[in-house]
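Before any comments, here is the structure.
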Amino acid sequence: MDNLFRAATDARLNAHAPHSGFKVGAAVLTEDGRIFAGANVECASYPEGWCAETSAIAAMVAAGARHIAEVLVVAESGETITPCGGCRQRIAEFGDSETIIRAAGPEGERARWTLGELLPAAFALKS
Ligand SMILES: O=c1ccn([C@H]2C[C@H](O)[C@@H](CO)O2)c(=O)[nH]1
Ligand SMILES: [Zn+2]
């Protein structure tokens with residue numbers, strides 16, 4: 001089991017998903033080799049909940065890191081899940097078209113893409 005998968009899987013155990021029942025864990029690897037993990041946090045007011053990827057990115061930012069090299073998202077699902085559109089844009093904020101996005105089930109990795117594949121022609125305000 002690689003470190004990113006382990007971190008995302010551990011975080012998934014703490015997901016707060018009483019409304020959908022769909023627990024998700026995510027972990028980001030920064031360019032300087034640090035790993036930050038997060039889980040989805042749902043809310044009785046449904047639109048106020050947020051994704052596992054968003055939690056992981058928030059932990060990264062709070063620790064002072066800014067450059068994502070890789071993201072892994074894990075869920076227990078027949079379908080291979082991919083980050084939602086909003087999370088793709090958040091990943092773009094701290095990554096680039098070569099940033100690796102990996103999708104996993106409980107058994108391990110199922111697919112991987114670059115951010116450029118999942119969010120072509122991304123909007124950015126970087127100089
Ligand atoms: O990539 C994804 C897709 C969905 N979810 C969460 C949002 C919601 O809590 C639940 C069902 O959509 O899964 C994530 O955390 N990450
Ligand atoms: Zn999302």
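Going through the structure tokens in order, the chains are called A, B, and so on, while each chain numbers its residues from 1 and the ligands are numbered from 1 in the order shown.
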>> Within 8 Å of ligand 2 (counting only C-alpha atoms and all ligand atoms), which residues show up? I'd like them as a list of chain:residue names.
In response: A:Trp50, A:Cys51, A:Ala52, A:Glu53, A:Thr54, A:Pro83, A:Cys84, A:Gly85, A:Gly86, A:Cys87, A:Arg88
Considering only C-alpha atoms and all ligand atoms, tabulate each residue of chain A that lies at most 7 Å from ligand 1 along with its nearest interatomic pair and the corresponding distance in Å to one decimal; arrange the rows by chain and ascending residue number and present them as a tab-separated table.
residue	atom	partner	partner_atom_place_in_ligand_line	distance
A:Ala17	CA	ligand 1	9 (O)	5.8
A:Ser20	CA	ligand 1	11 (C)	5.6
A:Phe22	CA	ligand 1	10 (C)	5.2
A:Lys23	CA	ligand 1	13 (O)	6.2
A:Val24	CA	ligand 1	15 (O)	4.9
A:Gly25	CA	ligand 1	15 (O)	6.8
A:Ala39	CA	ligand 1	15 (O)	6.5
A:Asn40	CA	ligand 1	15 (O)	4.4
A:Val41	CA	ligand 1	9 (O)	6.1
A:Glu42	CA	ligand 1	9 (O)	5.2
A:Gly49	CA	ligand 1	9 (O)	6.3
A:Trp50	CA	ligand 1	7 (C)	6.0
A:Cys51	CA	ligand 1	15 (O)	3.2
A:Ala52	CA	ligand 1	15 (O)	3.9
A:Glu53	CA	ligand 1	16 (N)	6.1
A:Val73	CA	ligand 1	1 (O)	6.6
A:Ile81	CA	ligand 1	1 (O)	6.1
A:Thr82	CA	ligand 1	1 (O)	5.1
A:Pro83	CA	ligand 1	1 (O)	3.5
A:Cys84	CA	ligand 1	1 (O)	5.2
Any chance you could export the current selection's C-alpha atoms as a PDB file, in the first residue's frame?
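And here's result-v1.pdb as it stands now:
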ATOM      1  CA  ALA A  17     -21.515  11.204   5.568  1.00  0.00           C
ATOM      2  CA  SER A  20     -25.540  10.151   1.532  1.00  0.00           C
ATOM      3  CA  PHE A  22     -21.036   7.672   0.825  1.00  0.00           C
ATOM      4  CA  LYS A  23     -17.736   8.005   2.662  1.00  0.00           C
ATOM      5  CA  VAL A  24     -14.824   9.458   0.712  1.00  0.00           C
ATOM      6  CA  GLY A  25     -11.192   9.979   1.665  1.00  0.00           C
ATOM      7  CA  ALA A  39     -12.667  13.322   4.292  1.00  0.00           C
ATOM      8  CA  ASN A  40     -16.053  14.520   3.088  1.00  0.00           C
ATOM      9  CA  VAL A  41     -18.061  16.498   5.654  1.00  0.00           C
ATOM     10  CA  GLU A  42     -21.811  16.512   5.029  1.00  0.00           C
ATOM     11  CA  GLY A  49     -21.347  19.875   2.891  1.00  0.00           C
ATOM     12  CA  TRP A  50     -17.992  19.537   1.170  1.00  0.00           C
ATOM     13  CA  CYS A  51     -15.807  16.945  -0.524  1.00  0.00           C
ATOM     14  CA  ALA A  52     -12.873  14.921   0.756  1.00  0.00           C
ATOM     15  CA  GLU A  53     -10.551  16.591  -1.760  1.00  0.00           C
ATOM     16  CA  VAL A  73      -9.342   9.860  -3.812  1.00  0.00           C
ATOM     17  CA  ILE A  81     -15.186   7.910  -8.767  1.00  0.00           C
ATOM     18  CA  THR A  82     -13.526  11.064 -10.032  1.00  0.00           C
ATOM     19  CA  PRO A  83     -13.238  14.450  -8.321  1.00  0.00           C
ATOM     20  CA  CYS A  84     -16.269  16.713  -8.901  1.00  0.00           C
TER      21      CYS A  84
END
>> Taking only segment 12-94 of chain A into account, list the residues labelled strand (DSSP E) by DSSP (computed from the backbone), as a ChimeraX atom specification.
In response: /A:24-30,35-39,68-75
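Taking atom CA of Glu48 of chain A and atom CA of Ala15 of chain A as endpoints, the distance between them is 15.0 Å.
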> Residues at most 7 Å from Arg112 of chain A, counting only C-alpha atoms, excluding those fewer than 3 positions away in the same chain, as an MDAnalysis selection string?
Replying inline: chainID A and resid 100:103
File dump, residues just selected, C-alpha atoms, as a PDB file, in the first residue's frame:
ATOM      1  CA  ILE A 100      -1.693  13.418 -11.212  1.00  0.00           C
ATOM      2  CA  ILE A 101      -5.165  12.441 -10.034  1.00  0.00           C
ATOM      3  CA  ARG A 102      -5.599   8.860  -8.870  1.00  0.00           C
ATOM      4  CA  ALA A 103      -8.909   7.130  -8.121  1.00  0.00           C
TER       5      ALA A 103
END
> Would you give me, as a PyMOL selection string, the residues in chain A that DSSP reads as alpha helix (DSSP H)?
Replying inline: chain A and resi 3-13+52-62+85-94+115-118
>> When you count only C-alpha atoms, which of these residues is closest to Ser55 of chain A: A:Arg6, A:Ala124, A:Thr80, A:Ala11?
In response: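 Checking each candidate against Ser55 of chain A, we get A:Ala11 as the closest.
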> Which one of A:Ala8, A:Ala111, A:Ala104, A:Val28 sits closest to Val71 of chain A if you count only C-alpha atoms?
Replying inline: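 Using only C-alpha atoms, Val71 of chain A sits closest to A:Val28.
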